[in-house]
Amino acid sequence: MRICALLEGAGEAEFALVQKQLGLSASALSKHVTVLMDAGYAEQRKAVRDTRQRVWLRLTKQGHAAYQGHLAALRAIVEPPDPAP
């Protein structure tokens, strides 16, 4: 959820930035990103920047929809129901 939340807000973020923001090791983040990619929720783009290979992450349309669905489910749990008219 934290990876999706960060990517939802950023649109696209470099792997190292996501790693730093979430306080994860590269291997832990890589494992989580692989799960998201296998589910079709995230994708990566590789590009050379400052003579180094960089990896950029973003949510797919399916990932955005899944994340919004999870947020809606969480809101339904924690928010009081609307009073009856």
# chains A, B, ... in the order shown; residues from 1 in each chain; ligands from 1

call {"tool": "residues_around", "arguments": {"residues": "region 63-72 of chain A", "least_positions_apart": "6", "cutoff": "7 Å", "atoms": "only C-alpha atoms", "output": "VMD selection string"}}
result
chain A and resid 4 8 40 to 42

call {"tool": "write_last_selection", "arguments": {"atoms": "N, CA and C atoms", "output": "PDB file, in the first residue's frame"}}
result
ATOM      1  N   CYS A   4       2.258   1.919  -3.452  1.00  0.00           N
ATOM      2  CA  CYS A   4       1.186   2.415  -4.311  1.00  0.00           C
ATOM      3  C   CYS A   4       0.814   3.851  -3.957  1.00  0.00           C
ATOM      4  N   GLU A   8       1.077   6.747  -6.543  1.00  0.00           N
ATOM      5  CA  GLU A   8      -0.188   7.433  -6.875  1.00  0.00           C
ATOM      6  C   GLU A   8       0.019   8.937  -6.828  1.00  0.00           C
ATOM      7  N   GLY A  40       0.225  -6.919 -12.393  1.00  0.00           N
ATOM      8  CA  GLY A  40      -0.187  -5.943 -13.395  1.00  0.00           C
ATOM      9  C   GLY A  40      -0.458  -4.569 -12.817  1.00  0.00           C
ATOM     10  N   TYR A  41      -0.040  -4.325 -11.574  1.00  0.00           N
ATOM     11  CA  TYR A  41      -0.310  -3.066 -10.892  1.00  0.00           C
ATOM     12  C   TYR A  41       0.765  -2.011 -11.091  1.00  0.00           C
ATOM     13  N   ALA A  42       1.968  -2.418 -11.418  1.00  0.00           N
ATOM     14  CA  ALA A  42       3.074  -1.465 -11.577  1.00  0.00           C
ATOM     15  C   ALA A  42       3.904  -1.859 -12.789  1.00  0.00           C
TER      16      ALA A  42
END

call {"tool": "select_by_dssp", "arguments": {"residues": "chain A", "states": "helix (DSSP H, G or I)", "output": "mmCIF file with N, CA and C atoms, in the first residue's frame"}}
result
data_model
loop_
_atom_site.group_PDB
_atom_site.id
_atom_site.type_symbol
_atom_site.label_atom_id
_atom_site.label_comp_id
_atom_site.auth_asym_id
_atom_site.auth_seq_id
_atom_site.Cartn_x
_atom_site.Cartn_y
_atom_site.Cartn_z
ATOM 1 N N ARG A 2 1.958 1.236 0.764
ATOM 2 C CA ARG A 2 2.811 2.423 0.851
ATOM 3 C C ARG A 2 3.472 2.718 -0.489
ATOM 4 N N ILE A 3 3.888 1.689 -1.201
ATOM 5 C CA ILE A 3 4.494 1.892 -2.522
ATOM 6 C C ILE A 3 3.448 2.482 -3.451
ATOM 7 N N CYS A 4 2.258 1.919 -3.452
ATOM 8 C CA CYS A 4 1.186 2.415 -4.311
ATOM 9 C C CYS A 4 0.814 3.851 -3.957
ATOM 10 N N ALA A 5 0.769 4.159 -2.674
ATOM 11 C CA ALA A 5 0.432 5.519 -2.246
ATOM 12 C C ALA A 5 1.465 6.511 -2.755
ATOM 13 N N LEU A 6 2.728 6.153 -2.650
ATOM 14 C CA LEU A 6 3.783 7.047 -3.125
ATOM 15 C C LEU A 6 3.692 7.238 -4.634
ATOM 16 N N LEU A 7 3.501 6.135 -5.358
ATOM 17 C CA LEU A 7 3.421 6.229 -6.818
ATOM 18 C C LEU A 7 2.149 6.918 -7.282
ATOM 19 N N GLU A 8 1.077 6.747 -6.543
ATOM 20 C CA GLU A 8 -0.188 7.433 -6.875
ATOM 21 C C GLU A 8 0.019 8.937 -6.828
ATOM 22 N N GLY A 9 0.712 9.403 -5.803
ATOM 23 C CA GLY A 9 0.950 10.838 -5.655
ATOM 24 C C GLY A 9 1.993 11.378 -6.605
ATOM 25 N N ALA A 10 3.001 10.587 -6.889
ATOM 26 C CA ALA A 10 4.114 11.059 -7.714
ATOM 27 C C ALA A 10 3.891 10.846 -9.205
ATOM 28 N N PHE A 15 13.410 4.462 -8.535
ATOM 29 C CA PHE A 15 13.514 3.371 -7.567
ATOM 30 C C PHE A 15 14.219 3.840 -6.294
ATOM 31 N N ALA A 16 15.345 4.525 -6.446
ATOM 32 C CA ALA A 16 16.123 4.969 -5.279
ATOM 33 C C ALA A 16 15.334 5.940 -4.406
ATOM 34 N N LEU A 17 14.516 6.784 -5.011
ATOM 35 C CA LEU A 17 13.688 7.718 -4.242
ATOM 36 C C LEU A 17 12.631 6.960 -3.453
ATOM 37 N N VAL A 18 11.977 5.999 -4.093
ATOM 38 C CA VAL A 18 10.976 5.185 -3.403
ATOM 39 C C VAL A 18 11.633 4.455 -2.237
ATOM 40 N N GLN A 19 12.796 3.900 -2.492
ATOM 41 C CA GLN A 19 13.538 3.181 -1.454
ATOM 42 C C GLN A 19 13.823 4.088 -0.262
ATOM 43 N N LYS A 20 14.298 5.285 -0.536
ATOM 44 C CA LYS A 20 14.640 6.234 0.528
ATOM 45 C C LYS A 20 13.392 6.699 1.282
ATOM 46 N N GLN A 21 12.354 7.067 0.544
ATOM 47 C CA GLN A 21 11.126 7.573 1.168
ATOM 48 C C GLN A 21 10.473 6.540 2.083
ATOM 49 N N LEU A 22 10.544 5.260 1.687
ATOM 50 C CA LEU A 22 9.877 4.222 2.458
ATOM 51 C C LEU A 22 10.801 3.531 3.455
ATOM 52 N N ALA A 26 17.059 -2.150 -0.852
ATOM 53 C CA ALA A 26 16.841 -2.335 -2.297
ATOM 54 C C ALA A 26 16.231 -3.704 -2.577
ATOM 55 N N SER A 27 16.694 -4.724 -1.882
ATOM 56 C CA SER A 27 16.177 -6.071 -2.134
ATOM 57 C C SER A 27 14.721 -6.198 -1.699
ATOM 58 N N ALA A 28 14.357 -5.605 -0.550
ATOM 59 C CA ALA A 28 12.963 -5.670 -0.095
ATOM 60 C C ALA A 28 12.051 -4.926 -1.061
ATOM 61 N N LEU A 29 12.467 -3.734 -1.489
ATOM 62 C CA LEU A 29 11.652 -2.972 -2.438
ATOM 63 C C LEU A 29 11.526 -3.720 -3.754
ATOM 64 N N SER A 30 12.609 -4.299 -4.209
ATOM 65 C CA SER A 30 12.591 -5.054 -5.463
ATOM 66 C C SER A 30 11.590 -6.204 -5.403
ATOM 67 N N LYS A 31 11.556 -6.910 -4.276
ATOM 68 C CA LYS A 31 10.607 -8.015 -4.119
ATOM 69 C C LYS A 31 9.166 -7.512 -4.169
ATOM 70 N N HIS A 32 8.895 -6.421 -3.470
ATOM 71 C CA HIS A 32 7.534 -5.869 -3.459
ATOM 72 C C HIS A 32 7.133 -5.366 -4.845
ATOM 73 N N VAL A 33 8.055 -4.711 -5.526
ATOM 74 C CA VAL A 33 7.774 -4.201 -6.874
ATOM 75 C C VAL A 33 7.523 -5.364 -7.834
ATOM 76 N N THR A 34 8.268 -6.439 -7.685
ATOM 77 C CA THR A 34 8.058 -7.613 -8.538
ATOM 78 C C THR A 34 6.653 -8.167 -8.349
ATOM 79 N N VAL A 35 6.182 -8.228 -7.111
ATOM 80 C CA VAL A 35 4.818 -8.703 -6.840
ATOM 81 C C VAL A 35 3.794 -7.774 -7.503
ATOM 82 N N LEU A 36 4.000 -6.463 -7.373
ATOM 83 C CA LEU A 36 3.087 -5.503 -7.999
ATOM 84 C C LEU A 36 3.108 -5.625 -9.525
ATOM 85 N N MET A 37 4.287 -5.829 -10.089
ATOM 86 C CA MET A 37 4.396 -5.973 -11.540
ATOM 87 C C MET A 37 3.749 -7.271 -12.011
ATOM 88 N N ASP A 38 3.959 -8.359 -11.275
ATOM 89 C CA ASP A 38 3.342 -9.636 -11.641
ATOM 90 C C ASP A 38 1.818 -9.567 -11.602
ATOM 91 N N LYS A 61 -2.881 1.525 -15.078
ATOM 92 C CA LYS A 61 -4.299 1.850 -14.883
ATOM 93 C C LYS A 61 -4.929 0.858 -13.916
ATOM 94 N N GLN A 62 -4.580 -0.406 -14.096
ATOM 95 C CA GLN A 62 -5.098 -1.457 -13.218
ATOM 96 C C GLN A 62 -4.607 -1.229 -11.784
ATOM 97 N N GLY A 63 -3.373 -0.793 -11.630
ATOM 98 C CA GLY A 63 -2.820 -0.506 -10.313
ATOM 99 C C GLY A 63 -3.519 0.664 -9.640
ATOM 100 N N HIS A 64 -3.784 1.714 -10.410
ATOM 101 C CA HIS A 64 -4.530 2.864 -9.869
ATOM 102 C C HIS A 64 -5.908 2.414 -9.388
ATOM 103 N N ALA A 65 -6.595 1.623 -10.211
ATOM 104 C CA ALA A 65 -7.938 1.167 -9.857
ATOM 105 C C ALA A 65 -7.909 0.282 -8.612
ATOM 106 N N ALA A 66 -6.946 -0.614 -8.528
ATOM 107 C CA ALA A 66 -6.833 -1.492 -7.365
ATOM 108 C C ALA A 66 -6.536 -0.684 -6.105
ATOM 109 N N TYR A 67 -5.632 0.270 -6.215
ATOM 110 C CA TYR A 67 -5.281 1.109 -5.064
ATOM 111 C C TYR A 67 -6.496 1.901 -4.595
ATOM 112 N N GLN A 68 -7.228 2.500 -5.522
ATOM 113 C CA GLN A 68 -8.426 3.259 -5.151
ATOM 114 C C GLN A 68 -9.470 2.348 -4.516
ATOM 115 N N GLY A 69 -9.582 1.127 -5.019
ATOM 116 C CA GLY A 69 -10.510 0.157 -4.428
ATOM 117 C C GLY A 69 -10.131 -0.200 -3.004
ATOM 118 N N HIS A 70 -8.844 -0.374 -2.752
ATOM 119 C CA HIS A 70 -8.375 -0.669 -1.392
ATOM 120 C C HIS A 70 -8.646 0.509 -0.461
ATOM 121 N N LEU A 71 -8.401 1.727 -0.949
ATOM 122 C CA LEU A 71 -8.677 2.907 -0.129
ATOM 123 C C LEU A 71 -10.164 2.999 0.207
ATOM 124 N N ALA A 72 -11.018 2.733 -0.775
ATOM 125 C CA ALA A 72 -12.461 2.784 -0.537
ATOM 126 C C ALA A 72 -12.872 1.741 0.494
ATOM 127 N N ALA A 73 -12.295 0.555 0.418
ATOM 128 C CA ALA A 73 -12.619 -0.491 1.389
ATOM 129 C C ALA A 73 -12.164 -0.089 2.788
ATOM 130 N N LEU A 74 -10.989 0.501 2.894
ATOM 131 C CA LEU A 74 -10.509 0.956 4.197
ATOM 132 C C LEU A 74 -11.384 2.072 4.750
ATOM 133 N N ARG A 75 -11.791 2.998 3.889
ATOM 134 C CA ARG A 75 -12.676 4.086 4.336
ATOM 135 C C ARG A 75 -14.002 3.541 4.848
ATOM 136 N N ALA A 76 -14.517 2.522 4.158
ATOM 137 C CA ALA A 76 -15.791 1.923 4.582
ATOM 138 C C ALA A 76 -15.662 1.287 5.966
ATOM 139 N N ILE A 77 -14.483 0.819 6.294
ATOM 140 C CA ILE A 77 -14.255 0.209 7.597
ATOM 141 C C ILE A 77 -14.172 1.261 8.706
ATOM 142 N N VAL A 78 -13.467 2.355 8.427
ATOM 143 C CA VAL A 78 -13.174 3.319 9.491
ATOM 144 C C VAL A 78 -14.136 4.501 9.574
#

call {"tool": "residues_around", "arguments": {"residues": "Leu57 (chain A)", "least_positions_apart": "3", "cutoff": "7 Å", "atoms": "only C-alpha atoms", "output": "ChimeraX atom specification"}}
result
/A:12-15,42-45

call {"tool": "atom_distance", "arguments": {"atom1": "CA of Gln53 (chain A)", "atom2": "CA of Ser25 (chain A)"}}
result
18.2 Å

call {"tool": "atom_distance", "arguments": {"atom1": "CA of Gly23 (chain A)", "atom2": "CA of Arg52 (chain A)"}}
result
22.2 Å
